[in-house]
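**Student:** If it helps, the file is called work.txt and holds compact mmCIF, C-alpha atoms:
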```txt
# COMPACT_ATOMS: atom_id res chain seq x y z
CA MET A 1 -3.47 -25.77 -15.28
CA THR A 2 -0.13 -25.25 -16.95
CA LEU A 3 2.94 -23.86 -15.23
CA ARG A 4 5.53 -22.94 -17.88
CA LEU A 5 9.19 -22.59 -16.96
CA ASP A 6 9.63 -19.11 -18.47
CA VAL A 7 6.53 -17.83 -16.66
CA LEU A 8 7.68 -19.40 -13.39
CA LEU A 9 11.13 -17.79 -13.72
CA ALA A 10 9.58 -14.36 -14.37
CA ILE A 11 7.35 -14.82 -11.31
CA ILE A 12 10.30 -15.87 -9.14
CA GLY A 13 12.24 -12.83 -10.34
CA MET A 14 9.33 -10.56 -9.41
CA ALA A 15 8.90 -12.28 -6.04
CA LEU A 16 12.59 -11.94 -5.13
CA ALA A 17 12.70 -8.29 -6.19
CA THR A 18 9.57 -7.56 -4.14
CA TYR A 19 10.87 -9.36 -1.05
CA LEU A 20 14.13 -7.45 -1.35
CA CYS A 21 12.10 -4.22 -1.19
CA ARG A 22 9.98 -5.44 1.74
CA ALA A 23 12.80 -6.78 3.91
CA GLY A 24 15.76 -4.81 2.53
CA GLY A 25 14.75 -1.39 3.86
CA TYR A 26 14.37 -2.78 7.34
CA ALA A 27 17.57 -4.89 7.19
CA LEU A 28 19.62 -1.91 6.00
CA PHE A 29 18.17 0.29 8.73
CA ARG A 30 19.11 -2.26 11.39
CA ALA A 31 22.62 -2.83 10.07
CA LEU A 32 23.58 0.85 9.80
CA ARG A 33 22.29 2.74 12.84
CA PRO A 34 20.78 5.70 11.02
CA PRO A 35 21.39 9.33 12.00
CA ARG A 36 18.71 11.13 14.04
CA PHE A 37 17.40 13.03 11.01
CA VAL A 38 16.68 9.80 9.12
CA GLU A 39 14.88 8.37 12.13
CA VAL A 40 12.62 11.44 12.50
CA THR A 41 12.03 11.45 8.73
CA LEU A 42 10.71 7.88 8.95
CA GLN A 43 8.29 8.94 11.71
CA HIS A 44 6.94 11.59 9.33
CA LEU A 45 6.62 9.20 6.38
CA PRO A 46 3.04 7.83 6.69
CA GLY A 47 1.21 11.07 5.81
CA PRO A 48 3.38 12.20 2.89
CA ILE A 49 3.50 8.68 1.40
CA PHE A 50 -0.29 8.44 1.08
CA VAL A 51 -0.70 12.09 0.10
CA ALA A 52 1.83 11.51 -2.69
CA TYR A 53 -0.08 8.40 -3.75
CA VAL A 54 -3.53 10.01 -3.92
CA ALA A 55 -2.59 13.46 -5.33
CA PRO A 56 -1.83 12.33 -8.92
CA ALA A 57 -4.64 9.73 -8.82
CA LEU A 58 -7.15 12.47 -7.88
CA ALA A 59 -5.71 14.97 -10.35
CA ALA A 60 -6.21 12.38 -13.11
CA GLN A 61 -9.95 12.36 -12.23
CA GLY A 62 -10.21 16.18 -12.25
CA ALA A 63 -12.56 18.16 -9.96
CA LYS A 64 -14.77 15.07 -9.55
CA GLY A 65 -11.91 13.20 -7.87
CA PHE A 66 -11.15 15.96 -5.38
CA ALA A 67 -14.86 16.35 -4.53
CA ALA A 68 -15.21 12.61 -3.91
CA ALA A 69 -12.01 12.65 -1.81
CA ALA A 70 -13.49 15.43 0.36
CA VAL A 71 -16.57 13.24 0.90
CA VAL A 72 -14.33 10.32 1.94
CA VAL A 73 -12.38 12.45 4.43
CA ALA A 74 -15.58 13.95 5.89
CA ALA A 75 -17.18 10.50 6.21
CA GLN A 76 -14.08 9.04 7.86
CA ALA A 77 -13.82 11.96 10.31
CA ALA A 78 -17.54 11.73 11.18
CA THR A 79 -17.94 7.94 11.44
CA ARG A 80 -14.37 6.69 12.13
CA ASN A 81 -15.43 3.73 10.00
CA LEU A 82 -13.22 2.88 7.04
CA ALA A 83 -15.84 0.81 5.20
CA ALA A 84 -18.40 3.63 5.48
CA ALA A 85 -15.86 6.17 4.21
CA ILE A 86 -14.88 4.05 1.20
CA ALA A 87 -18.53 3.36 0.36
CA ALA A 88 -19.31 7.10 0.63
CA GLY A 89 -16.47 7.87 -1.78
CA VAL A 90 -17.58 5.31 -4.36
CA GLY A 91 -21.17 6.55 -4.00
CA ALA A 92 -20.08 10.16 -4.48
CA MET A 93 -18.06 9.18 -7.55
CA TRP A 94 -21.10 7.40 -8.97
CA LEU A 95 -23.41 10.41 -8.35
CA LEU A 96 -20.85 12.85 -9.81
CA GLY A 97 -20.56 10.59 -12.84
CA LEU A 98 -24.35 10.72 -13.34
CA ALA A 99 -24.33 14.52 -13.02
CA ALA A 100 -21.51 15.00 -15.53
CA MET B 1 1.41 -3.16 30.74
CA SER B 2 3.01 -4.55 33.90
CA GLY B 3 4.05 -1.33 35.57
CA SER B 4 7.24 -0.69 33.60
CA THR B 5 7.54 2.72 31.94
CA GLU B 6 8.03 1.25 28.43
CA PRO B 7 5.54 -1.58 27.78
CA ARG B 8 7.16 -4.46 25.91
CA VAL B 9 6.40 -5.18 22.27
CA THR B 10 4.61 -8.51 21.97
CA PHE B 11 3.51 -10.84 19.17
CA THR B 12 0.31 -12.65 20.08
CA ARG B 13 -2.50 -14.61 18.46
CA HIS B 14 -4.85 -11.95 19.83
CA GLY B 15 -2.88 -9.26 17.97
CA ILE B 16 -3.01 -11.23 14.72
CA TRP B 17 -6.81 -11.63 15.00
CA ARG B 18 -7.23 -7.93 15.76
CA GLY B 19 -5.29 -7.20 12.57
CA VAL B 20 -7.45 -9.62 10.57
CA ARG B 21 -10.63 -7.92 11.82
CA GLN B 22 -9.38 -4.39 11.15
CA ALA B 23 -8.33 -5.40 7.63
CA MET B 24 -11.90 -6.31 6.62
CA PRO B 25 -12.96 -2.81 5.44
CA LEU B 26 -9.78 -2.62 3.34
CA VAL B 27 -10.87 -5.67 1.38
CA ILE B 28 -13.53 -3.50 -0.27
CA GLY B 29 -10.78 -1.31 -1.66
CA THR B 30 -8.47 -4.08 -2.84
CA PHE B 31 -11.07 -6.49 -4.23
CA PRO B 32 -11.83 -4.63 -7.50
CA PHE B 33 -8.08 -4.21 -8.01
CA GLY B 34 -7.60 -7.99 -7.62
CA LEU B 35 -10.39 -8.62 -10.13
CA VAL B 36 -8.62 -6.36 -12.64
CA VAL B 37 -5.30 -8.18 -12.15
CA GLY B 38 -7.05 -11.55 -12.65
CA ILE B 39 -8.83 -10.39 -15.79
CA LEU B 40 -5.65 -8.95 -17.28
CA SER B 41 -3.69 -12.09 -16.38
CA ASP B 42 -6.27 -14.19 -18.24
CA ALA B 43 -6.13 -11.84 -21.22
CA LYS B 44 -2.32 -12.17 -21.34
CA GLY B 45 -2.58 -15.96 -21.53
CA LEU B 46 -1.49 -16.93 -18.01
CA SER B 47 -3.16 -20.06 -16.62
CA LEU B 48 -5.10 -19.90 -13.35
CA LEU B 49 -2.25 -21.74 -11.61
CA GLU B 50 0.36 -19.30 -12.96
CA THR B 51 -1.85 -16.38 -11.93
CA LEU B 52 -2.24 -17.69 -8.38
CA VAL B 53 1.48 -18.48 -8.03
CA MET B 54 2.27 -14.91 -9.09
CA SER B 55 -0.31 -13.34 -6.76
CA GLY B 56 0.67 -15.55 -3.84
CA LEU B 57 4.41 -14.96 -4.10
CA VAL B 58 4.50 -11.35 -5.30
CA PHE B 59 1.34 -10.03 -3.52
CA ALA B 60 1.80 -6.45 -4.70
CA GLY B 61 -0.99 -5.30 -7.00
CA SER B 62 0.49 -2.33 -8.81
CA SER B 63 3.69 -4.20 -9.71
CA GLN B 64 1.68 -7.20 -10.95
CA LEU B 65 -0.45 -4.86 -13.05
CA LEU B 66 2.60 -3.16 -14.56
CA ALA B 67 4.38 -6.47 -15.27
CA LEU B 68 1.25 -7.87 -16.92
CA GLU B 69 0.91 -4.75 -19.07
CA LEU B 70 4.31 -5.51 -20.58
CA TRP B 71 3.87 -9.31 -20.61
CA SER B 72 4.90 -11.24 -23.74
CA ASP B 73 5.48 -14.82 -24.85
CA PRO B 74 8.05 -16.10 -23.81
CA ALA B 75 7.68 -14.38 -20.43
CA PRO B 76 9.75 -11.16 -20.01
CA ILE B 77 11.86 -12.38 -17.06
CA LEU B 78 14.16 -9.35 -16.77
CA ALA B 79 11.51 -6.71 -17.51
CA ALA B 80 9.01 -8.19 -15.04
CA THR B 81 11.70 -8.39 -12.33
CA LEU B 82 12.75 -4.78 -12.90
CA ALA B 83 9.13 -3.61 -12.91
CA ALA B 84 8.59 -5.27 -9.54
CA LEU B 85 11.79 -3.74 -8.15
CA VAL B 86 10.95 -0.19 -9.24
CA VAL B 87 7.26 -0.21 -8.32
CA ASN B 88 7.82 -1.86 -4.93
CA MET B 89 10.76 0.30 -3.89
CA ARG B 90 8.21 2.35 -1.93
CA LEU B 91 7.90 -0.57 0.52
CA ALA B 92 11.54 -0.31 1.66
CA PRO B 93 11.11 2.78 3.91
CA MET B 94 7.87 1.29 5.34
CA GLY B 95 9.72 -1.68 6.80
CA ALA B 96 12.30 0.69 8.27
CA ALA B 97 9.57 2.90 9.78
CA LEU B 98 8.06 -0.10 11.60
CA ALA B 99 11.39 -0.86 13.30
CA PRO B 100 10.04 -0.21 16.84
CA TRP B 101 7.91 -3.36 16.40
CA LEU B 102 10.13 -5.39 14.07
CA ASP B 103 13.27 -4.96 16.20
CA ARG B 104 11.65 -7.14 18.88
CA LEU B 105 10.92 -10.03 16.50
CA ARG B 106 13.21 -12.90 15.46
CA GLY B 107 13.20 -15.66 12.87
CA TRP B 108 10.03 -16.38 10.89
CA ARG B 109 8.05 -13.87 12.92
CA LEU B 110 10.32 -11.12 11.59
CA TRP B 111 11.09 -12.29 8.05
CA GLY B 112 7.66 -13.87 7.54
CA THR B 113 5.83 -10.75 8.70
CA LEU B 114 7.97 -8.65 6.34
CA ALA B 115 6.90 -10.93 3.44
CA THR B 116 3.28 -9.79 3.98
CA LEU B 117 4.06 -6.06 4.17
CA VAL B 118 1.84 -3.93 1.92
CA ASP B 119 0.80 -0.27 1.92
CA HIS B 120 -2.42 -0.95 3.85
CA SER B 121 -0.86 -3.11 6.56
CA TYR B 122 1.85 -0.48 7.00
CA ALA B 123 -0.71 2.35 7.25
CA LEU B 124 -2.92 0.58 9.79
CA SER B 125 0.11 -0.52 11.83
CA ALA B 126 1.69 2.95 11.84
CA ALA B 127 -1.62 4.33 13.14
CA ASP B 128 -1.89 1.54 15.73
CA GLN B 129 1.71 2.10 16.82
CA ARG B 130 1.00 5.80 17.30
CA ARG B 131 -2.04 5.01 19.46
CA GLY B 132 0.27 2.99 21.72
CA GLY B 133 -0.25 -0.42 20.11
CA ARG B 134 2.47 -2.86 21.22
CA ASP B 135 1.39 -6.10 19.53
CA ALA B 136 3.40 -6.68 16.34
CA GLY B 137 1.08 -9.59 15.46
CA PHE B 138 -1.32 -6.89 14.25
CA LEU B 139 0.91 -6.20 11.22
CA LEU B 140 0.94 -9.88 10.24
CA GLY B 141 -2.83 -10.20 10.78
CA VAL B 142 -3.65 -7.32 8.42
CA GLY B 143 -1.20 -8.69 5.83
CA LEU B 144 -2.56 -12.25 5.99
CA ALA B 145 -6.19 -11.17 5.66
CA LEU B 146 -5.38 -8.98 2.67
CA TRP B 147 -3.34 -11.81 1.11
CA LEU B 148 -6.22 -14.27 1.42
CA PHE B 149 -8.79 -11.93 -0.15
CA TRP B 150 -6.25 -10.89 -2.78
CA MET B 151 -5.95 -14.54 -3.90
CA VAL B 152 -9.75 -14.92 -3.96
CA ALA B 153 -10.25 -11.70 -5.96
CA VAL B 154 -7.54 -12.53 -8.49
CA ALA B 155 -8.93 -16.06 -8.94
CA ILE B 156 -12.47 -14.76 -9.49
CA GLY B 157 -11.15 -12.19 -11.95
CA HIS B 158 -9.29 -14.88 -13.89
CA VAL B 159 -12.17 -17.37 -13.94
CA PHE B 160 -14.80 -14.86 -14.96
CA GLY B 161 -12.34 -12.97 -17.17
CA ALA B 162 -14.81 -12.15 -19.88
CA THR B 163 -18.02 -11.73 -17.86
CA VAL B 164 -17.16 -9.40 -14.94
CA ARG B 165 -15.31 -6.87 -17.08
CA LEU B 166 -15.96 -3.46 -15.52
CA PRO B 167 -15.75 -0.59 -18.00
CA PRO B 168 -12.73 1.69 -17.49
CA GLY B 169 -13.62 4.59 -15.20
CA HIS B 170 -16.26 2.57 -13.31
CA PRO B 171 -16.88 4.24 -9.89
CA LEU B 172 -15.87 1.01 -8.13
CA TYR B 173 -12.24 1.61 -9.16
CA PHE B 174 -12.31 4.73 -6.97
CA ALA B 175 -12.44 2.43 -3.91
CA ALA B 176 -8.64 1.98 -4.09
CA VAL B 177 -7.92 5.73 -3.92
CA ALA B 178 -10.73 6.28 -1.40
CA THR B 179 -9.08 3.76 0.93
CA PHE B 180 -5.92 5.85 1.13
CA CYS B 181 -7.84 9.14 1.51
CA ALA B 182 -9.69 7.65 4.49
CA ILE B 183 -6.48 6.23 6.00
CA LEU B 184 -5.01 9.76 6.00
CA VAL B 185 -7.61 10.95 8.53
CA PRO B 186 -6.28 9.06 11.60
CA VAL B 187 -2.69 9.76 10.48
CA TRP B 188 -3.24 13.55 10.69
CA GLN B 189 -1.76 14.99 13.90
CA GLY B 190 -2.44 18.69 13.55
CA LEU B 191 -1.74 21.74 11.40
CA ARG B 192 1.60 22.62 12.95
CA ARG B 193 3.14 19.20 12.41
CA ASP B 194 1.55 18.05 9.17
CA LEU B 195 0.26 20.90 6.99
CA LEU B 196 3.52 21.97 5.29
CA PRO B 197 5.00 18.46 4.85
CA TRP B 198 1.76 17.12 3.36
CA ALA B 199 1.41 20.13 1.05
CA LEU B 200 4.98 19.65 -0.19
CA ALA B 201 4.35 15.92 -0.70
CA ALA B 202 1.29 16.67 -2.86
CA ALA B 203 3.11 19.39 -4.83
CA MET B 204 6.18 17.24 -5.54
CA ALA B 205 4.09 14.21 -6.52
CA LEU B 206 1.96 16.31 -8.87
CA ALA B 207 5.03 17.98 -10.39
CA ALA B 208 6.69 14.62 -11.08
CA TRP B 209 3.44 13.22 -12.46
CA ARG B 210 2.89 16.26 -14.73
CA ALA B 211 6.49 15.88 -15.94
CA GLY B 212 5.45 12.47 -17.25
CA LEU B 213 7.40 10.32 -14.78
CA GLY B 214 5.90 6.88 -14.22
CA ALA B 215 5.52 4.84 -11.01
CA PRO B 216 7.10 4.91 -8.49
CA TRP B 217 8.79 8.30 -9.01
CA PRO B 218 5.91 10.70 -8.20
CA LEU B 219 5.24 8.67 -5.05
CA LEU B 220 8.87 8.54 -3.92
CA ALA B 221 9.52 12.21 -4.72
CA GLY B 222 6.46 13.35 -2.77
CA ALA B 223 6.84 10.97 0.15
CA LEU B 224 10.55 11.56 0.77
CA SER B 225 10.48 15.35 0.34
CA GLY B 226 7.41 15.70 2.58
CA ALA B 227 8.82 13.46 5.30
CA ALA B 228 12.20 15.23 5.18
CA LEU B 229 10.50 18.63 5.56
CA GLY B 230 8.50 17.29 8.49
CA ALA B 231 11.66 16.05 10.19
CA TRP B 232 13.53 19.28 9.52
CA LEU B 233 10.70 21.40 11.01
CA GLU B 234 10.43 19.11 14.03
CA LEU B 235 14.17 19.08 14.79
CA ARG B 236 14.37 22.88 14.37
CA ARG B 237 11.56 23.43 16.89
CA ARG B 238 13.39 21.50 19.63
```
What does this structure look like when you write it as structure tokens?
**Tutor:**
Amino acid sequence: MTLRLDVLLAIIGMALATYLCRAGGYALFRALRPPRFVEVTLQHLPGPIFVAYVAPALAAQGAKGFAAAAVVVAAQAATRNLAAAIAAGVGAMWLLGLAA
Amino acid sequence: MSGSTEPRVTFTRHGIWRGVRQAMPLVIGTFPFGLVVGILSDAKGLSLLETLVMSGLVFAGSSQLLALELWSDPAPILAATLAALVVNMRLAPMGAALAPWLDRLRGWRLWGTLATLVDHSYALSAADQRRGGRDAGFLLGVGLALWLFWMVAVAIGHVFGATVRLPPGHPLYFAAVATFCAILVPVWQGLRRDLLPWALAAAMALAAWRAGLGAPWPLLAGALSGAALGAWLELRRR
């Protein structure tokens, strides 16, 4: 159970940088009333942010990744249950891995 | 909902608990990731205490993973701080996008809730907000539940470092990506609004990724270009 000073300092640096990201975007937004375009852009952010996250991750898996993603989307649309959709995706990935 | 046209934003215990409950399925997606961070932390020579202090204070998996990849002895203070800054930059616009809730909070409720902000709590809250949700406690509830299970997963990963090692490419790792694919379903609001912005987001992210750019650039390029196109199309239609 050691806690070394250099490790602690690195952790504190990471924690401060991360909190700056978490709170800074909001604080900046509140301080400088943003123009209308910026406000509407933020309303459109959720979809593109997660699309941009999954696209390279799926491409790295190849066709298998996109097939499993389609299973996840279909399961989520059919069941509206996140746990079921995630389980379906992992199951599909496992089956596709066996087939390959 | 007391008859006024614009129901007030609240922050209740009930909202926090609703967030905790709705976060449960997400734990499946984050748990393997936490195990990996714990295992890597053990491999890099961090003690269990150091690992838990990092996970508790930073609570952002991909930045912890990246920092641990470049860990050395003595600890790389500047490099780890910069890694956290660059990888977590994506969280800045999320806090801004949740302003309709956050603007009504003060003190620890505001700055404490922001400390728990992660991709998943943002996604669930944005969806809840769109469905008319007015209880900002929801955001904190999702964040707290994920934080608790994150600590448990990282601790288990560290303790069983050698024994629970999943081979790279194990299907369980797909749970993290699957979580975000599933989250996209309730976010979708129709072809006219979302098709072109989402397509541009995917294209820009893939182009940046193919060009060899590391995190967070593919994500930021895709997210910002897609959202800007969405806003431009919407404002032009009015």
**Student:** Name the residues in contact with A:Val72 at a cut-off of 9 Å, using all atoms listed in the file, excluding same-chain residues fewer than 5 positions from it; report them as an MDAnalysis selection string.
**Tutor:** (chainID A and resid 67 77 84:90 92) or (chainID B and resid 178:179 181:182)
**Student:** Kindly provide, as a ChimeraX atom specification, the residues of chain A having any atom no farther than 7 Å from an atom of chain B, counting only C-alpha atoms.
**Tutor:** /A:1-3,6-7,9-11,13-15,17-19,21-26,29,37,40-56,69,72-73,76-77,82-83,85-86,89-90,93-94
**Student:** Which residues are near B:Val20? Cut-off 9 Å, only C-alpha atoms, ignore same chain within fewer than 3 positions. Put them as a ChimeraX atom specification.
**Tutor:** /B:15-17,23-24,138,140-146
**Student:** Could you pull out every residue with an atom within 10 Å of (-7.9, -11.9, -14.6), file coordinates, counting only C-alpha atoms, and send them as a VMD selection string?
**Tutor:** chain B and resid 34 to 48 51 153 to 162 164 to 165
**Student:** Report as an NGL selection string all protein, DNA and RNA residues lying within 7 Å of B:Phe11, evaluated on all atoms listed in the file, omitting residues in the same chain fewer than 3 positions from it.
**Tutor:** :B and (15 or 135-137)
**Student:** For stretch 49-65 of chain A, I'd like the enclosing box, axis-aligned and padded by 3 Å on every side, reported as JSON with centre and edge lengths in Å to one decimal.
**Tutor:**
```
{"center_x": -5.6, "center_y": 13.3, "center_z": -5.9, "size_x": 24.3, "size_y": 15.8, "size_z": 20.5}
```
**Student:** Could you please determine the separation between atom CA of B:Trp108 and atom CA of A:Val38 in Å, to one decimal place?
**Tutor:** 27.1 Å
**Student:** For atom CA of B:Thr30 and atom CA of B:Arg131, determine how far apart the two atoms are, in Å to one decimal place.
**Tutor:**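 Between atom CA of B:Thr30 and atom CA of B:Arg131 the gap works out to 24.9 Å.
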**Student:** What is the distance, in Å and to one decimal place, between atom CA of B:Leu68 and atom CA of B:His120?
**Tutor:**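 Atom CA of B:His120 lies 22.2 Å from atom CA of B:Leu68.
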**Student:** For a quick check of understanding, using only C-alpha atoms, which of B:Gly190, B:Arg109, B:Gly132, B:Ser121 has the smallest distance to B:Arg13?
**Tutor:**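 Under the stated criterion, the closest residue is B:Arg109.
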**Student:** From the structure block, carefully write stretch 83-135 of chain B out with C-alpha atoms; format it as a compact mmCIF listing (two decimals), in the first residue's frame.
**Tutor:**
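Listing of decode-v1.txt after writing:
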```txt
# COMPACT_ATOMS: atom_id res chain seq x y z
CA ALA B 83 -2.46 12.89 -21.99
CA ALA B 84 -5.40 13.51 -19.67
CA LEU B 85 -5.92 17.01 -21.10
CA VAL B 86 -5.92 15.89 -24.73
CA VAL B 87 -8.00 12.73 -24.31
CA ASN B 88 -10.60 14.39 -22.07
CA MET B 89 -11.00 17.53 -24.16
CA ARG B 90 -14.08 15.82 -25.63
CA LEU B 91 -15.85 16.33 -22.28
CA ALA B 92 -15.73 20.15 -22.53
CA PRO B 93 -18.57 20.53 -25.09
CA MET B 94 -20.67 17.96 -23.16
CA GLY B 95 -20.79 20.16 -20.08
CA ALA B 96 -21.76 23.12 -22.26
CA ALA B 97 -24.52 21.09 -23.98
CA LEU B 98 -26.08 20.25 -20.60
CA ALA B 99 -26.38 23.96 -19.72
CA PRO B 100 -30.22 23.89 -19.58
CA TRP B 101 -29.89 21.71 -16.46
CA LEU B 102 -26.59 22.98 -15.06
CA ASP B 103 -27.59 26.67 -15.26
CA ARG B 104 -30.15 26.03 -12.50
CA LEU B 105 -27.62 24.51 -10.09
CA ARG B 106 -25.32 26.27 -7.62
CA GLY B 107 -22.38 25.36 -5.42
CA TRP B 108 -21.46 21.69 -4.91
CA ARG B 109 -24.51 20.55 -6.86
CA LEU B 110 -23.08 22.26 -9.94
CA TRP B 111 -19.33 21.77 -9.53
CA GLY B 112 -19.69 18.35 -7.88
CA THR B 113 -22.00 17.06 -10.60
CA LEU B 114 -19.54 18.29 -13.24
CA ALA B 115 -16.77 16.28 -11.51
CA THR B 116 -18.70 13.06 -12.30
CA LEU B 117 -19.38 13.91 -15.97
CA VAL B 118 -18.48 11.07 -18.36
CA ASP B 119 -19.57 10.13 -21.88
CA HIS B 120 -22.29 7.76 -20.65
CA SER B 121 -23.82 10.12 -18.10
CA TYR B 122 -23.86 12.84 -20.75
CA ALA B 123 -25.51 10.56 -23.32
CA LEU B 124 -28.24 9.32 -20.96
CA SER B 125 -28.87 12.85 -19.67
CA ALA B 126 -29.06 14.38 -23.15
CA ALA B 127 -31.65 11.72 -24.06
CA ASP B 128 -33.55 12.31 -20.81
CA GLN B 129 -33.47 16.08 -21.35
CA ARG B 130 -34.89 15.62 -24.84
CA ARG B 131 -37.74 13.48 -23.47
CA GLY B 132 -38.63 16.39 -21.20
CA GLY B 133 -36.64 15.33 -18.13
CA ARG B 134 -36.25 18.23 -15.69
CA ASP B 135 -34.40 16.62 -12.79
```
